[in-house]
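> The following block contains the structure, expressed as structure tokens.
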Amino acid sequence: MNIQFFKYQGTGNDFILIDNRQEIFSKNDTKLIKQLCDRRFGIGADGLILLENDKISDFKMVYYNSDGNESSMCGNGGRCIVAFAKQLNVIENETTFIAVDGEHYAKISAEGTVSLQMKNVDEIKMASDYVFLNTGSPHHITLVEDVKSVPVKEIGSQIRYSNLYGKAGSNVNFVEVITDSLFAVRTYERGVEDETLSCGTGVTAAAIAMNAIGKTTSNVISLLVEGGELKVTFKKEGKKYTEVFLIGPATLVFEGKIQI
């Protein structure tokens, strides 16, 4: 069977998107999803996303990591599926959709910038040498002096598989302070098991963590990633972070058909 796919990227974090409103794609075929995401034997991507019908919201987002397993929320993937939904005429410029971590609101500008509302954060673990929080996916945050020199895959995998997070593991982010409202971030993503050029839930976690530990007083934060630049905004109410938005581009790279 031939299936149509669309390849999108958000600051270098790339995804295969499939319109599955007619339920044509086998959702339990881990081997197939892994093969499609393979950069040598498939289309190549950090993950695969299905757009499906939902009875309450505009659509449902089903996200798989490149290892073929369904995963927690993906921020850049969420922004890309909003752009995809607009391309399919499922939405116009605003939407509410369902993902694995609940309901999300998003809007898309005429220039293609997608602002995606993330989940509220009211629980942050602050240790002596790291911060941990969940922004739809779990994130370990470590401050470094020079983020470019960090062996992200090596150290990230050690932390991801350490006893600290058990079998489920955690994504691992390395953050360098540039200014009060600008940070550089590199991320090791579980499920991809490597560094990605960008991680939406990761930069969201990094922005909130930097505010929580006093490295910034701003609630509008820019984050430099290997694939470009993202922005995170939020409101702080005591120790709770609300109205959290991940903002950045989501771009169609190419489309095609592949036999499965």
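Chains: A, B, ... in order of the structure tokens. Residues: from 1 per chain. Ligands: from 1, in order shown.
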Identify, on the basis of only C-alpha atoms, every residue whose closest approach to Asn13 in chain A does not exceed 7 Å; exclude the query and any residue fewer than 4 positions from it along the same chain; express the result as a PyMOL selection string.

chain A and resi 9+46+76+196-199

> For all heavy atoms, I'd like the residues from the last selection saved as a PDB file, in the first residue's frame.


ATOM      1  N   GLN A   9       9.592  20.447   9.604  1.00  0.00           N
ATOM      2  CA  GLN A   9      10.630  20.665  10.606  1.00  0.00           C
ATOM      3  C   GLN A   9      10.356  21.958  11.357  1.00  0.00           C
ATOM      4  O   GLN A   9       9.829  22.920  10.797  1.00  0.00           O
ATOM      5  CB  GLN A   9      12.026  20.689   9.963  1.00  0.00           C
ATOM      6  CG  GLN A   9      12.295  21.809   8.977  1.00  0.00           C
ATOM      7  CD  GLN A   9      12.819  23.098   9.592  1.00  0.00           C
ATOM      8  OE1 GLN A   9      13.206  23.117  10.767  1.00  0.00           O
ATOM      9  NE2 GLN A   9      12.834  24.170   8.818  1.00  0.00           N
ATOM     10  N   ASP A  46      12.944  12.686  13.322  1.00  0.00           N
ATOM     11  CA  ASP A  46      13.055  12.504  14.773  1.00  0.00           C
ATOM     12  C   ASP A  46      11.804  11.837  15.349  1.00  0.00           C
ATOM     13  O   ASP A  46      11.826  11.349  16.477  1.00  0.00           O
ATOM     14  CB  ASP A  46      13.260  13.854  15.461  1.00  0.00           C
ATOM     15  CG  ASP A  46      14.617  14.465  15.162  1.00  0.00           C
ATOM     16  OD1 ASP A  46      15.594  13.699  15.008  1.00  0.00           O
ATOM     17  OD2 ASP A  46      14.704  15.702  15.068  1.00  0.00           O
ATOM     18  N   ASN A  76       7.797  20.844  19.505  1.00  0.00           N
ATOM     19  CA  ASN A  76       8.020  21.191  18.102  1.00  0.00           C
ATOM     20  C   ASN A  76       7.097  20.393  17.193  1.00  0.00           C
ATOM     21  O   ASN A  76       6.615  20.902  16.179  1.00  0.00           O
ATOM     22  CB  ASN A  76       9.480  20.955  17.716  1.00  0.00           C
ATOM     23  CG  ASN A  76      10.406  22.011  18.277  1.00  0.00           C
ATOM     24  OD1 ASN A  76      10.030  23.168  18.413  1.00  0.00           O
ATOM     25  ND2 ASN A  76      11.624  21.615  18.623  1.00  0.00           N
ATOM     26  N   THR A 196      19.110  16.086  19.435  1.00  0.00           N
ATOM     27  CA  THR A 196      18.313  16.618  18.333  1.00  0.00           C
ATOM     28  C   THR A 196      18.660  18.088  18.152  1.00  0.00           C
ATOM     29  O   THR A 196      19.186  18.733  19.064  1.00  0.00           O
ATOM     30  CB  THR A 196      16.799  16.472  18.591  1.00  0.00           C
ATOM     31  OG1 THR A 196      16.470  17.060  19.856  1.00  0.00           O
ATOM     32  CG2 THR A 196      16.386  15.006  18.602  1.00  0.00           C
ATOM     33  N   LEU A 197      18.377  18.625  16.968  1.00  0.00           N
ATOM     34  CA  LEU A 197      18.717  20.015  16.686  1.00  0.00           C
ATOM     35  C   LEU A 197      17.863  20.991  17.475  1.00  0.00           C
ATOM     36  O   LEU A 197      18.199  22.166  17.590  1.00  0.00           O
ATOM     37  CB  LEU A 197      18.581  20.299  15.186  1.00  0.00           C
ATOM     38  CG  LEU A 197      19.567  19.562  14.276  1.00  0.00           C
ATOM     39  CD1 LEU A 197      19.322  19.935  12.822  1.00  0.00           C
ATOM     40  CD2 LEU A 197      21.008  19.865  14.668  1.00  0.00           C
ATOM     41  N   SER A 198      16.749  20.488  18.018  1.00  0.00           N
ATOM     42  CA  SER A 198      15.853  21.326  18.810  1.00  0.00           C
ATOM     43  C   SER A 198      14.876  20.436  19.555  1.00  0.00           C
ATOM     44  O   SER A 198      14.523  19.360  19.069  1.00  0.00           O
ATOM     45  CB  SER A 198      15.096  22.287  17.882  1.00  0.00           C
ATOM     46  OG  SER A 198      14.129  23.029  18.588  1.00  0.00           O
ATOM     47  N   CYS A 199      14.434  20.881  20.723  1.00  0.00           N
ATOM     48  CA  CYS A 199      13.416  20.160  21.485  1.00  0.00           C
ATOM     49  C   CYS A 199      12.482  21.189  22.115  1.00  0.00           C
ATOM     50  O   CYS A 199      12.899  21.976  22.966  1.00  0.00           O
ATOM     51  CB  CYS A 199      14.053  19.291  22.565  1.00  0.00           C
ATOM     52  SG  CYS A 199      12.850  18.458  23.629  1.00  0.00           S
TER      53      CYS A 199
END

> Which of range 100-241 of chain A counts as helix (DSSP H, G or I) under DSSP, as a ChimeraX atom specification please?

/A:147-149,152-160,200-212

> How would the residues just picked look written out with C-alpha atoms as a short mmCIF file (atom, residue, chain, number, x, y, z; two decimals), in the first residue's frame?


data_model
loop_
_atom_site.label_atom_id
_atom_site.label_comp_id
_atom_site.auth_asym_id
_atom_site.auth_seq_id
_atom_site.Cartn_x
_atom_site.Cartn_y
_atom_site.Cartn_z
CA VAL A 147 27.24 24.54 25.82
CA LYS A 148 29.06 24.02 22.50
CA SER A 149 31.79 21.97 24.18
CA VAL A 152 25.66 15.86 24.70
CA LYS A 153 25.08 12.27 23.55
CA GLU A 154 27.60 10.79 25.98
CA ILE A 155 26.58 12.67 29.12
CA GLY A 156 22.91 12.85 28.14
CA SER A 157 22.63 9.09 27.76
CA GLN A 158 24.35 8.53 31.12
CA ILE A 159 21.81 10.73 32.90
CA ARG A 160 18.86 9.40 30.86
CA GLY A 200 10.27 22.19 22.14
CA THR A 201 9.36 20.78 25.53
CA GLY A 202 13.07 21.01 26.39
CA VAL A 203 13.44 24.73 25.72
CA THR A 204 10.14 25.32 27.52
CA ALA A 205 11.53 23.47 30.52
CA ALA A 206 14.84 25.35 30.27
CA ALA A 207 13.12 28.75 30.20
CA ILE A 208 10.98 27.97 33.24
CA ALA A 209 13.91 26.41 35.10
CA MET A 210 16.09 29.48 34.52
CA ASN A 211 13.35 31.69 35.93
CA ALA A 212 12.76 29.37 38.88
#

> I need the strand (DSSP E or B) residues of range 172-220 of chain A per DSSP on the backbone, written as an NGL selection string.

:A and (172-179 or 182-189 or 194-196 or 220)

> Which residue, A:Asn134, A:Ile33, A:Asp19, A:Val172, has the smallest gap to Val90 in chain A when you use only C-alpha atoms?

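The closest residue to Val90 in chain A is A:Asp19.
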
> Which is closest to Ile98 in chain A among A:Thr135, A:Gln117, A:Thr142, A:Gln259, if we use only C-alpha atoms?

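Nearest to Ile98 in chain A: A:Gln117.
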
> Restricting the calculation to only C-alpha atoms, which member of A:Ser115, A:Ser26, A:Ile213, A:Val253 is positioned closest to Val131 in chain A?

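Closest candidate: A:Ile213.
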
> Give me the residues within 10 Å of Thr30 in chain A as a PyMOL selection string, counting only C-alpha atoms and dropping any in the same chain fewer than 3 places off.

chain A and resi 26-27+33-35+64-70

> Measuring atom to atom with only C-alpha atoms, identify which of A:Glu193, A:Glu123, A:Glu255, A:Glu237 is nearest to Ile16 in chain A.

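Closest to Ile16 in chain A of all the choices is A:Glu255.
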
> Grab the CA of Glu103 in chain A to CA of Ser57 in chain A distance for me, in Å with one decimal place.

8.2 Å

> So, with only C-alpha atoms as the atoms that count, which of A:Pro249, A:Val175, A:Gly44, A:Cys37 lies closest to Gly112 in chain A?

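Checking each of A:Pro249, A:Val175, A:Gly44, A:Cys37 against Gly112 in chain A, counting only C-alpha atoms, the winner is A:Pro249.
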
> Skip Ser181 in chain A itself and residues of its chain fewer than 2 positions away, then list as a list in words all residues within 8 Å of it, counting only C-alpha atoms.

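Counting only the stated atoms, we get Ile178, Thr179, Phe183, Thr216, Thr217, Ser218, Val220, Ile221 and Ser222 of chain A.
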
> As an exercise, work out the distance from CA of Lys31 in chain A to CA of Ala85 in chain A in Å and give it to one decimal place.

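Pair CA of Lys31 in chain A / CA of Ala85 in chain A returns 26.2 Å.
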
> I'd like the contact shell of range 51-56 of chain A - 8 Å cut-off, only C-alpha atoms, skipping same-chain residues fewer than 2 positions apart - returned as a PDB file with N, CA, C and O atoms, in the first residue's frame.


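Resulting contents of part37.pdb:
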ATOM      1  N   LEU A  17       4.611  13.571   8.985  1.00  0.00           N
ATOM      2  CA  LEU A  17       3.210  13.788   9.344  1.00  0.00           C
ATOM      3  C   LEU A  17       2.308  13.057   8.364  1.00  0.00           C
ATOM      4  O   LEU A  17       2.511  13.110   7.146  1.00  0.00           O
ATOM      5  N   ILE A  18       1.314  12.371   8.917  1.00  0.00           N
ATOM      6  CA  ILE A  18       0.377  11.592   8.118  1.00  0.00           C
ATOM      7  C   ILE A  18      -1.045  11.940   8.510  1.00  0.00           C
ATOM      8  O   ILE A  18      -1.378  11.988   9.703  1.00  0.00           O
ATOM      9  N   ASP A  19      -1.873  12.196   7.505  1.00  0.00           N
ATOM     10  CA  ASP A  19      -3.296  12.444   7.722  1.00  0.00           C
ATOM     11  C   ASP A  19      -3.968  11.088   7.931  1.00  0.00           C
ATOM     12  O   ASP A  19      -4.160  10.323   6.994  1.00  0.00           O
ATOM     13  N   ASN A  20      -4.313  10.809   9.188  1.00  0.00           N
ATOM     14  CA  ASN A  20      -4.890   9.497   9.518  1.00  0.00           C
ATOM     15  C   ASN A  20      -6.357   9.612   9.918  1.00  0.00           C
ATOM     16  O   ASN A  20      -6.868   8.795  10.688  1.00  0.00           O
ATOM     17  N   ARG A  21      -7.048  10.592   9.371  1.00  0.00           N
ATOM     18  CA  ARG A  21      -8.463  10.756   9.707  1.00  0.00           C
ATOM     19  C   ARG A  21      -9.315   9.605   9.181  1.00  0.00           C
ATOM     20  O   ARG A  21     -10.403   9.353   9.697  1.00  0.00           O
ATOM     21  N   GLN A  22      -8.819   8.913   8.162  1.00  0.00           N
ATOM     22  CA  GLN A  22      -9.530   7.741   7.633  1.00  0.00           C
ATOM     23  C   GLN A  22      -9.001   6.437   8.231  1.00  0.00           C
ATOM     24  O   GLN A  22      -9.380   5.338   7.793  1.00  0.00           O
ATOM     25  N   GLU A  23      -8.111   6.549   9.219  1.00  0.00           N
ATOM     26  CA  GLU A  23      -7.541   5.403   9.943  1.00  0.00           C
ATOM     27  C   GLU A  23      -6.914   4.384   8.995  1.00  0.00           C
ATOM     28  O   GLU A  23      -7.133   3.169   9.095  1.00  0.00           O
ATOM     29  N   ILE A  49       4.138  11.625  13.334  1.00  0.00           N
ATOM     30  CA  ILE A  49       2.930  12.181  13.953  1.00  0.00           C
ATOM     31  C   ILE A  49       1.717  11.883  13.086  1.00  0.00           C
ATOM     32  O   ILE A  49       1.734  12.115  11.873  1.00  0.00           O
ATOM     33  N   ASP A  58     -10.509  20.115  17.455  1.00  0.00           N
ATOM     34  CA  ASP A  58     -10.338  20.157  15.997  1.00  0.00           C
ATOM     35  C   ASP A  58      -9.689  18.889  15.454  1.00  0.00           C
ATOM     36  O   ASP A  58      -9.997  18.443  14.345  1.00  0.00           O
ATOM     37  N   PHE A  59      -8.735  18.337  16.213  1.00  0.00           N
ATOM     38  CA  PHE A  59      -8.080  17.099  15.792  1.00  0.00           C
ATOM     39  C   PHE A  59      -7.310  16.513  16.964  1.00  0.00           C
ATOM     40  O   PHE A  59      -7.166  17.137  18.019  1.00  0.00           O
ATOM     41  N   LYS A  60      -6.808  15.310  16.756  1.00  0.00           N
ATOM     42  CA  LYS A  60      -5.999  14.628  17.763  1.00  0.00           C
ATOM     43  C   LYS A  60      -4.595  14.421  17.219  1.00  0.00           C
ATOM     44  O   LYS A  60      -4.415  14.058  16.057  1.00  0.00           O
ATOM     45  N   MET A  61      -3.605  14.658  18.062  1.00  0.00           N
ATOM     46  CA  MET A  61      -2.200  14.432  17.713  1.00  0.00           C
ATOM     47  C   MET A  61      -1.714  13.146  18.381  1.00  0.00           C
ATOM     48  O   MET A  61      -1.802  12.997  19.594  1.00  0.00           O
ATOM     49  N   VAL A  62      -1.206  12.219  17.566  1.00  0.00           N
ATOM     50  CA  VAL A  62      -0.623  10.983  18.095  1.00  0.00           C
ATOM     51  C   VAL A  62       0.849  10.981  17.694  1.00  0.00           C
ATOM     52  O   VAL A  62       1.179  10.990  16.510  1.00  0.00           O
ATOM     53  N   ILE A  81       2.281  20.046  13.668  1.00  0.00           N
ATOM     54  CA  ILE A  81       0.967  19.497  13.322  1.00  0.00           C
ATOM     55  C   ILE A  81      -0.071  20.609  13.178  1.00  0.00           C
ATOM     56  O   ILE A  81      -1.027  20.478  12.415  1.00  0.00           O
ATOM     57  N   ALA A  85      -2.246  20.941   9.958  1.00  0.00           N
ATOM     58  CA  ALA A  85      -3.709  21.038  10.004  1.00  0.00           C
ATOM     59  C   ALA A  85      -4.206  22.222   9.174  1.00  0.00           C
ATOM     60  O   ALA A  85      -5.247  22.134   8.511  1.00  0.00           O
ATOM     61  N   ILE A  98      -6.169  17.880  20.804  1.00  0.00           N
ATOM     62  CA  ILE A  98      -5.860  16.965  21.900  1.00  0.00           C
ATOM     63  C   ILE A  98      -4.540  16.253  21.614  1.00  0.00           C
ATOM     64  O   ILE A  98      -4.321  15.748  20.513  1.00  0.00           O
TER      65      ILE A  98
END

> Kindly give the distance, in Å, that separates CA of Val150 in chain A and CA of Leu164 in chain A, rounded to a single decimal.

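We find that CA of Val150 in chain A and CA of Leu164 in chain A lie 20.4 Å from each other.
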
> Counting only C-alpha atoms, which residue out of A:Lys7, A:His139, A:Lys119, A:Arg186 sits closest to Val225 in chain A?

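Using only C-alpha atoms, the shortest distance to Val225 in chain A belongs to A:Arg186.
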